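Source file protein_24.cif; content: mmCIF, C-alpha atoms.
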data_final
loop_
_atom_site.label_atom_id
_atom_site.label_comp_id
_atom_site.auth_asym_id
_atom_site.auth_seq_id
_atom_site.Cartn_x
_atom_site.Cartn_y
_atom_site.Cartn_z
CA MET A 90 225.80 86.95 98.61
CA SER A 91 227.48 84.05 96.84
CA THR A 92 229.41 84.62 93.63
CA LEU A 93 228.87 82.81 90.36
CA PRO A 94 231.94 80.62 89.65
CA ASP A 95 234.01 81.17 86.52
CA LEU A 96 232.97 79.48 83.28
CA HIS A 97 235.47 76.63 83.49
CA THR A 98 234.28 75.76 86.99
CA LEU A 99 230.65 75.83 85.84
CA LEU A 100 231.47 73.45 83.00
CA ARG A 101 233.56 71.15 85.16
CA ARG A 102 230.96 70.83 87.91
CA LEU A 103 228.11 70.05 85.52
CA ILE A 104 230.09 67.39 83.66
CA GLU A 105 231.39 65.63 86.77
CA ILE A 106 227.91 64.94 88.17
CA PRO A 107 226.43 61.79 86.56
CA SER A 108 222.83 62.23 85.40
CA VAL A 109 222.16 59.35 83.03
CA SER A 110 218.56 58.61 82.09
CA SER A 111 217.61 55.34 80.47
CA VAL A 112 214.59 53.16 79.84
CA SER A 113 216.67 50.41 81.48
CA PRO A 114 216.53 50.66 85.31
CA ALA A 115 220.07 49.24 85.45
CA PHE A 116 221.44 52.45 83.89
CA ASP A 117 218.92 55.08 85.01
CA GLN A 118 220.10 57.65 87.58
CA SER A 119 218.73 60.58 89.54
CA ASN A 120 219.31 64.06 88.14
CA LEU A 121 218.67 65.77 91.49
CA PRO A 122 222.36 66.24 92.43
CA LEU A 123 222.87 68.11 89.16
CA ILE A 124 219.65 70.10 89.55
CA GLU A 125 220.68 71.18 93.06
CA VAL A 126 224.11 72.37 91.91
CA LEU A 127 222.58 74.18 88.95
CA ALA A 128 220.07 75.80 91.32
CA GLU A 129 222.94 77.13 93.45
CA PHE A 130 224.61 78.57 90.35
CA CYS A 131 221.37 80.23 89.26
CA GLN A 132 220.82 81.74 92.70
CA SER A 133 224.36 83.09 92.62
CA ALA A 134 223.48 84.80 89.33
CA GLY A 135 220.38 86.42 90.88
CA PHE A 136 217.68 84.07 89.59
CA GLU A 137 214.61 83.07 91.57
CA VAL A 138 214.68 79.27 91.57
CA SER A 139 212.00 76.60 91.65
CA ILE A 140 212.79 72.87 91.74
CA GLN A 141 209.86 70.79 90.49
CA PRO A 142 209.90 67.04 91.26
CA LEU A 143 208.44 64.73 88.65
CA PRO A 144 205.35 63.00 90.09
CA GLY A 145 205.85 59.29 90.60
CA ARG A 146 209.53 59.44 89.60
CA PRO A 147 211.68 59.69 92.74
CA GLY A 148 215.00 61.43 92.21
CA LYS A 149 213.87 63.25 89.07
CA ALA A 150 213.14 66.98 88.84
CA ASN A 151 213.02 70.02 86.59
CA LEU A 152 214.51 73.40 87.41
CA VAL A 153 212.87 76.70 86.50
CA ALA A 154 214.99 79.77 87.25
CA THR A 155 213.66 83.27 86.55
CA LEU A 156 215.51 86.58 86.35
CA GLY A 157 213.29 89.65 86.18
CA HIS A 158 209.52 90.02 86.17
CA GLY A 159 206.63 90.31 83.77
CA GLU A 160 205.45 88.30 80.80
CA GLU A 161 206.45 87.59 77.17
CA GLY A 162 210.05 86.82 78.14
CA LEU A 163 212.81 84.62 76.74
CA LEU A 164 213.30 80.99 77.76
CA LEU A 165 216.69 79.27 77.48
CA ALA A 166 216.02 75.56 77.74
CA GLY A 167 217.77 72.23 77.84
CA HIS A 168 217.85 68.80 79.43
CA THR A 169 220.07 67.78 82.31
CA ASP A 170 220.29 64.08 81.48
CA THR A 171 222.71 62.20 79.27
CA VAL A 172 222.60 58.80 77.63
CA PRO A 173 224.50 55.92 79.26
CA CYS A 174 228.15 55.46 78.37
CA ASP A 175 230.89 52.82 78.56
CA PRO A 176 233.94 54.47 80.19
CA ALA A 177 236.18 51.73 78.77
CA LEU A 178 235.63 53.17 75.28
CA TRP A 179 236.75 56.66 76.30
CA ASP A 180 240.29 58.02 76.14
CA SER A 181 239.61 59.99 79.34
CA ASP A 182 237.15 59.87 82.23
CA PRO A 183 233.70 60.80 80.79
CA PHE A 184 232.83 62.45 84.13
CA CYS A 185 235.94 64.63 84.25
CA LEU A 186 236.13 67.68 81.98
CA THR A 187 239.33 67.17 79.99
CA GLU A 188 240.82 69.68 77.56
CA ARG A 189 243.11 68.59 74.77
CA ASP A 190 243.69 69.73 71.20
CA GLY A 191 241.25 72.62 71.55
CA LYS A 192 238.39 70.37 72.65
CA LEU A 193 236.56 69.86 75.94
CA TYR A 194 235.86 66.15 76.44
CA GLY A 195 233.20 64.75 78.76
CA LEU A 196 229.76 63.15 78.76
CA GLY A 197 227.25 65.93 78.10
CA THR A 198 229.71 68.50 76.75
CA SER A 199 227.95 68.62 73.40
CA ASP A 200 224.58 67.13 74.35
CA MET A 201 223.99 69.30 76.29
CA LYS A 202 225.05 70.26 79.83
CA SER A 203 227.50 72.87 78.60
CA PHE A 204 224.63 75.05 77.38
CA PHE A 205 223.60 75.78 80.98
CA ALA A 206 227.09 76.95 81.90
CA LEU A 207 227.25 79.17 78.81
CA ALA A 208 223.80 80.61 79.52
CA LEU A 209 224.88 81.52 83.05
CA GLU A 210 228.07 83.07 81.70
CA ALA A 211 225.96 85.16 79.33
CA VAL A 212 223.92 86.45 82.27
CA ARG A 213 226.95 87.37 84.38
CA GLY A 214 226.62 90.98 85.52
CA ILE A 215 222.98 91.34 84.45
CA LYS A 216 220.55 92.23 87.24
CA ALA A 217 216.82 91.63 87.36
CA GLU A 218 216.16 95.37 87.32
CA ASP A 219 218.09 95.63 84.03
CA LEU A 220 215.45 93.56 82.22
CA HIS A 221 212.15 94.78 80.80
CA ARG A 222 210.94 91.22 80.36
CA PRO A 223 211.94 88.04 82.24
CA LEU A 224 214.68 85.62 81.33
CA ILE A 225 213.90 82.02 82.27
CA LEU A 226 216.34 79.12 82.42
CA LEU A 227 214.64 75.72 82.13
CA ALA A 228 216.47 72.46 82.89
CA THR A 229 214.46 69.29 82.39
CA ALA A 230 214.75 65.64 83.37
CA ASP A 231 214.67 62.50 81.24
CA GLU A 232 214.68 63.96 77.72
CA GLU A 233 216.85 61.07 76.57
CA SER A 234 214.44 58.42 77.82
CA SER A 235 210.82 59.45 78.35
CA MET A 236 210.35 63.22 77.91
CA GLU A 237 208.67 63.18 81.34
CA GLY A 238 210.30 66.46 82.34
CA ALA A 239 208.93 68.24 79.27
CA LYS A 240 205.50 66.65 79.74
CA LEU A 241 205.32 68.05 83.28
CA LEU A 242 205.39 71.61 81.94
CA SER A 243 201.74 71.51 80.85
CA SER A 244 200.58 70.87 84.42
CA ILE A 245 202.55 73.56 86.26
CA ALA A 246 202.14 77.34 86.41
CA PRO A 247 202.59 78.89 82.94
CA LEU A 248 206.11 79.99 82.10
CA PRO A 249 206.24 83.76 81.45
CA ALA A 250 207.95 83.34 78.07
CA ARG A 251 206.94 84.10 74.49
CA TYR A 252 210.13 82.82 72.86
CA ALA A 253 212.29 79.79 73.62
CA VAL A 254 215.77 78.73 72.52
CA ILE A 255 216.73 75.09 73.15
CA GLY A 256 220.50 74.59 73.30
CA GLU A 257 220.65 71.16 71.65
CA PRO A 258 223.72 70.65 69.44
CA THR A 259 223.29 72.47 66.08
CA ASN A 260 226.76 74.02 65.54
CA LEU A 261 225.18 77.37 66.41
CA ILE A 262 222.95 77.15 63.34
CA PRO A 263 219.30 77.97 64.11
CA VAL A 264 216.84 75.14 63.54
CA ARG A 265 213.17 76.07 63.24
CA MET A 266 211.65 72.69 62.47
CA HIS A 267 212.22 69.00 63.03
CA LYS A 268 210.51 65.76 62.19
CA GLY A 269 208.46 63.80 64.68
CA ILE A 270 209.17 60.30 65.94
CA LEU A 271 206.89 57.29 66.21
CA MET A 272 208.17 53.92 67.39
CA GLU A 273 205.45 51.31 67.14
CA GLY A 274 205.19 47.59 67.82
CA ILE A 275 203.16 45.19 65.68
CA ARG A 276 202.40 41.73 67.13
CA LEU A 277 200.68 38.95 65.21
CA THR A 278 199.45 35.85 67.04
CA GLY A 279 198.56 32.65 65.23
CA ARG A 280 198.74 29.02 66.35
CA SER A 281 201.78 26.78 66.70
CA GLY A 282 201.90 23.28 65.30
CA HIS A 283 204.18 20.67 63.81
CA SER A 284 205.90 21.93 60.68
CA SER A 285 205.18 18.70 58.84
CA ASN A 286 201.55 19.74 58.36
CA PRO A 287 200.75 23.45 57.78
CA ALA A 288 197.08 22.76 58.50
CA LEU A 289 197.96 22.15 62.16
CA GLY A 290 198.70 25.83 62.81
CA ILE A 291 198.44 29.43 61.64
CA ASN A 292 201.83 30.88 60.74
CA ALA A 293 202.33 34.37 62.21
CA LEU A 294 205.63 34.78 60.36
CA GLU A 295 203.89 34.32 57.01
CA GLY A 296 201.32 36.91 58.09
CA MET A 297 204.12 39.32 59.00
CA TYR A 298 205.49 38.92 55.47
CA ALA A 299 202.21 40.37 54.19
CA VAL A 300 202.30 43.10 56.86
CA ILE A 301 205.78 44.15 55.79
CA GLY A 302 204.60 44.42 52.19
CA GLU A 303 201.74 46.66 53.30
CA LEU A 304 204.08 48.84 55.37
CA LEU A 305 206.39 49.36 52.41
CA ALA A 306 203.41 50.28 50.24
CA TRP A 307 202.25 52.75 52.91
CA ARG A 308 205.76 54.23 53.03
CA ASP A 309 205.63 54.85 49.28
CA THR A 310 202.26 56.57 49.66
CA LEU A 311 203.48 58.78 52.50
CA GLN A 312 206.54 59.82 50.54
CA LYS A 313 204.51 60.65 47.44
CA HIS A 314 202.09 62.87 49.35
CA HIS A 315 204.36 64.57 51.89
CA HIS A 316 207.44 66.57 50.96
CA HIS A 317 209.38 69.43 52.55
CA PRO A 318 212.49 70.69 50.75
CA LEU A 319 214.09 72.17 53.89
CA PHE A 320 214.88 68.70 55.23
CA SER A 321 217.94 66.87 53.92
CA VAL A 322 215.66 63.82 53.61
CA PRO A 323 212.63 65.76 52.35
CA HIS A 324 209.97 63.12 53.00
CA PRO A 325 208.79 61.03 55.96
CA THR A 326 210.78 57.88 56.61
CA LEU A 327 209.60 54.47 57.83
CA ASN A 328 212.22 52.02 59.06
CA LEU A 329 211.72 48.31 59.80
CA GLY A 330 214.02 48.08 62.79
CA HIS A 331 213.49 44.85 64.71
CA ILE A 332 211.68 41.53 64.13
CA HIS A 333 211.35 38.33 66.11
CA GLY A 334 209.11 35.33 65.56
CA GLY A 335 208.89 31.67 66.39
CA ASP A 336 211.27 29.50 68.35
CA ASN A 337 212.30 26.50 66.22
CA PRO A 338 212.45 25.59 62.53
CA ASN A 339 210.24 22.51 62.97
CA ARG A 340 207.41 24.42 64.65
CA ILE A 341 204.86 26.63 62.90
CA CYS A 342 205.50 30.18 64.08
CA GLY A 343 202.79 31.03 66.61
CA GLN A 344 203.75 34.65 67.21
CA CYS A 345 205.76 37.30 65.40
CA GLU A 346 206.61 40.88 66.45
CA LEU A 347 207.93 43.79 64.39
CA HIS A 348 209.13 47.20 65.61
CA ILE A 349 209.08 50.19 63.28
CA ASP A 350 210.33 53.79 63.41
CA LEU A 351 208.38 56.47 61.54
CA ARG A 352 209.62 60.07 61.19
CA PRO A 353 206.73 62.32 60.07
CA LEU A 354 207.04 65.85 58.70
CA PRO A 355 205.41 68.88 60.34
CA GLY A 356 201.67 68.76 59.77
CA MET A 357 201.46 64.97 60.07
CA ALA A 358 199.61 64.16 63.31
CA LEU A 359 200.80 61.18 65.35
CA ASP A 360 197.33 59.95 66.27
CA GLU A 361 196.22 60.02 62.63
CA LEU A 362 199.26 57.98 61.61
CA ARG A 363 198.52 55.39 64.29
CA HIS A 364 194.90 55.22 63.13
CA THR A 365 195.98 54.70 59.51
CA LEU A 366 198.43 52.01 60.56
CA ARG A 367 195.64 50.03 62.21
CA GLU A 368 193.29 50.54 59.26
CA ARG A 369 195.87 49.16 56.84
CA LEU A 370 196.96 46.16 58.92
CA ALA A 371 193.68 44.93 60.43
CA PRO A 372 192.37 43.43 57.15
CA ILE A 373 195.62 41.53 56.65
CA ALA A 374 195.44 39.98 60.11
CA GLN A 375 191.79 39.05 59.58
CA ARG A 376 192.50 37.53 56.18
CA HIS A 377 195.22 35.29 57.65
CA GLY A 378 193.24 34.36 60.77
CA LEU A 379 195.74 36.13 63.03
CA GLY A 380 195.35 38.18 66.15
CA LEU A 381 196.71 41.76 65.79
CA GLU A 382 198.13 43.93 68.56
CA LEU A 383 199.48 47.42 67.90
CA PHE A 384 201.30 49.21 70.70
CA SER A 385 203.50 52.26 71.07
CA LEU A 386 207.06 51.66 72.20
CA PHE A 387 206.97 55.18 73.61
CA GLU A 388 204.50 58.05 73.45
CA GLY A 389 206.17 59.65 70.45
CA ILE A 390 207.39 63.14 69.68
CA ALA A 391 205.40 65.44 67.44
CA ALA A 392 207.02 67.24 64.55
CA MET A 393 207.67 70.94 65.15
CA GLU A 394 207.72 74.01 62.93
CA THR A 395 208.20 77.66 63.86
CA PRO A 396 207.25 80.07 61.07
CA ALA A 397 210.11 81.49 59.03
CA ASP A 398 208.94 85.04 59.76
CA SER A 399 208.90 84.59 63.54
CA HIS A 400 210.79 87.38 65.31
CA LEU A 401 212.91 84.75 67.03
CA VAL A 402 213.82 83.01 63.76
CA THR A 403 214.74 86.21 61.92
CA SER A 404 216.70 87.48 64.93
CA LEU A 405 218.76 84.30 65.20
CA GLU A 406 219.38 84.31 61.46
CA ALA A 407 220.64 87.90 61.69
CA LEU A 408 222.81 87.22 64.76
CA THR A 409 224.37 84.00 63.46
CA GLY A 410 224.50 84.82 59.76
CA GLU A 411 222.94 81.40 59.09
CA LYS A 412 219.61 80.54 57.47
CA ALA A 413 217.34 78.54 59.78
CA GLN A 414 217.36 74.83 58.97
CA ALA A 415 215.45 71.62 59.62
CA VAL A 416 216.66 68.41 61.29
CA ALA A 417 215.44 64.85 61.59
CA PHE A 418 216.07 64.35 65.32
CA GLY A 419 213.41 65.14 67.94
CA THR A 420 213.60 67.62 70.82
CA GLU A 421 211.45 69.07 73.59
CA ALA A 422 210.39 71.87 71.24
CA PRO A 423 206.84 70.53 70.60
CA TYR A 424 206.09 70.68 74.33
CA LEU A 425 207.20 74.33 74.54
CA HIS A 426 205.37 75.13 71.32
CA ALA A 427 202.19 73.70 72.87
CA LEU A 428 202.59 76.27 75.67
CA GLY A 429 202.35 79.09 73.13
CA MET A 430 206.02 79.80 72.48
CA ASP A 431 207.93 80.27 69.25
CA VAL A 432 210.82 77.80 69.55
CA VAL A 433 214.20 77.59 67.83
CA ILE A 434 216.89 75.00 68.52
CA CYS A 435 220.37 76.51 68.56
CA GLY A 436 223.33 75.27 70.59
CA PRO A 437 227.13 75.11 70.41
CA GLY A 438 227.55 71.34 70.19
CA ASP A 439 227.69 69.09 67.15
CA ILE A 440 225.01 66.41 66.73
CA ALA A 441 227.74 64.13 65.37
CA GLN A 442 229.18 64.12 68.92
CA ALA A 443 225.91 63.29 70.62
CA HIS A 444 225.64 59.75 72.08
CA GLN A 445 229.26 58.99 71.14
CA HIS A 446 232.24 57.97 73.26
CA ASN A 447 234.86 60.73 73.48
CA GLU A 448 232.10 63.32 73.18
CA TYR A 449 233.52 66.84 73.06
CA LEU A 450 232.73 70.52 72.61
CA ALA A 451 235.19 72.66 70.67
CA VAL A 452 236.70 75.41 72.83
CA GLU A 453 236.28 77.86 69.95
CA ARG A 454 232.49 77.56 70.35
CA LEU A 455 232.44 78.96 73.91
CA ALA A 456 232.90 82.68 73.26
CA PRO A 457 230.56 82.86 70.22
CA THR A 458 227.83 81.11 72.19
CA VAL A 459 228.11 83.54 75.09
CA THR A 460 228.06 86.47 72.66
CA LEU A 461 224.99 85.11 70.89
CA LEU A 462 223.09 84.48 74.13
CA ARG A 463 223.89 87.95 75.46
CA ALA A 464 222.59 89.47 72.24
CA LEU A 465 219.38 87.43 72.53
CA ILE A 466 218.89 88.45 76.15
CA GLN A 467 219.39 92.10 75.25
CA ARG A 468 217.04 91.89 72.28
CA PHE A 469 214.21 89.94 73.94
CA CYS A 470 214.50 90.94 77.59
CA GLY A 471 216.44 94.20 77.78
CA THR A 472 216.34 97.77 76.62
CA ALA A 473 216.84 96.89 72.95
CA GLY A 474 213.55 94.96 72.94
#
Just dump the structure as structure tokens.
Amino acid sequence: MSTLPDLHTLLRRLIEIPSVSSVSPAFDQSNLPLIEVLAEFCQSAGFEVSIQPLPGRPGKANLVATLGHGEEGLLLAGHTDTVPCDPALWDSDPFCLTERDGKLYGLGTSDMKSFFALALEAVRGIKAEDLHRPLILLATADEESSMEGAKLLSSIAPLPARYAVIGEPTNLIPVRMHKGILMEGIRLTGRSGHSSNPALGINALEGMYAVIGELLAWRDTLQKHHHHPLFSVPHPTLNLGHIHGGDNPNRICGQCELHIDLRPLPGMALDELRHTLRERLAPIAQRHGLGLELFSLFEGIAAMETPADSHLVTSLEALTGEKAQAVAFGTEAPYLHALGMDVVICGPGDIAQAHQHNEYLAVERLAPTVTLLRALIQRFCGTAG
């Protein structure tokens, strides 16, 4: 039987395997080499392993590894992919684990490959027969680009877990809720013409001016009617992020496009927000004689909330000594929640390091993370449960 490598080797091997996901094909990479190595590590630790290819996405796969048998177990989850990086901006090779000044540098150290190594370290020495309920390790593909790995979960055999911890970077502070994300495109189409005579065309840029006014009014309405004090920004946000229209100053603008980002609070449904957006903008387009197209830049991520009195939330609060918080960034938690699990995000990294050059994980976070995960395994899978 093979032996699970030491923690440093686990960390080093996971960091040195590139697994970038991106909406740009020029940067997108397969995560299969990483999945296969992680599968070997899990088998060495006694897990039963299943590799699940993503339909229609060659070179992409999830990993589900299970230790023990039964139902109502604990899921430790994370994504295998990273964002793209520019090695020229780094002080060391982003694909080589480098330790200096009490920090482990490398792409994915904080967000979030290291969590898998620490989860395996926490399992070291635990056998399937030691567990009353199963422990499942889930590693997904393409969280940073499309969430396709998380979406696949609804179509496969149910995971035998009641509780899930996602190891995204939270400084080991439990997070029980996060905002959702909508990124929507708004395209107005008018008619070009010579700028010397406005009657020759229909100006889409002028129509977009009215649309922007309506969006800002809608933002005010949303913020007046939706509030949650646990968030540092306690209301939904709506950002005007990108605009482009026309092609020359002496031509009437025939088409104008605006991209927005909306971060709803828990309880605000994505489909309802899209419906309201159309209801508010359609009369403006009609009044200006413009064609209106609304389209999603990606499917969106729902907001997520796990009740404060959930056994998982109260357990993590007791084990960490930290009150559960809320964050504005999205995760795969809504997809696990839809499968019937209570979900908390809690990982050793720092979100300030995510998507940055010279990304690192503090060495001092390693031991506390292993201790925390062992306590969770004992509480939710072992004799203490």
Minimum-distance residue to Ala293 of chain A, chosen among A:Lys240, A:Arg363, A:His348, A:His377 (using all atoms listed in the file):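 Of the candidates, the smallest distance to Ala293 of chain A is held by A:His377.
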Residue nearest Arg280 of chain A - candidates A:Gln344, A:Thr259, A:Thr229, A:Thr326, atoms counted: only C-alpha atoms: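 Ranking A:Gln344, A:Thr259, A:Thr229, A:Thr326 by distance to Arg280 of chain A, first place goes to A:Gln344.
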field: Test item: the PyMOL selection byres ((chain A and resi 285-291) around 8) resolved as a PyMOL selection string
entry: chain A and resi 279-284+292-293+339+341-343+377-379
query: Any chance you could work out the residue set of the PyMOL selection byres ((chain A and resi 231) around 10) here, as an NGL selection string?
result: :A and (108-112 or 117-120 or 143 or 149-151 or 168-172 or 229-230 or 232-239)
message: Could you tell me how far atom CA of Ala464 of chain A sits from atom CA of Gly135 of chain A, in Å to one decimal place?
response: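 Separating atom CA of Gly135 of chain A from atom CA of Ala464 of chain A is a distance of 19.0 Å.
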message: Applying the PyMOL selection byres ((chain A and resi 325) around 9) to the file I just gave you, which residues come out? Please list them as number ranges by chain.
response: A: 268, 308, 311-312, 315-316, 322-324, 326-327, 351-354
- prompt: At what distance in Å, to one decimal, does atom CA of Asp350 of chain A lie from atom CA of Leu241 of chain A?
  reply: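 Here the two named atoms are 25.0 Å from each other.
The residue that comes closest to Leu121 of chain A, out of A:Pro173, A:Pro183, A:Pro142, A:Pro396 and on the basis of only C-alpha atoms, is A:Pro142.
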- prompt: What would the list of residues within 10 Å of (202.6, 40.9, 57.8) (file frame) look like as an NGL selection string, if all atoms listed in the file are what count?
  reply: :A and (275-277 or 293-304 or 345-347 or 370 or 373-374 or 377 or 379 or 381)
message: Would you compute the distance between atom CA of Glu218 of chain A and atom CA of Leu401 of chain A? Give it in Å to one decimal.
response: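 Rounded to one decimal, the two atoms are 23.1 Å apart.
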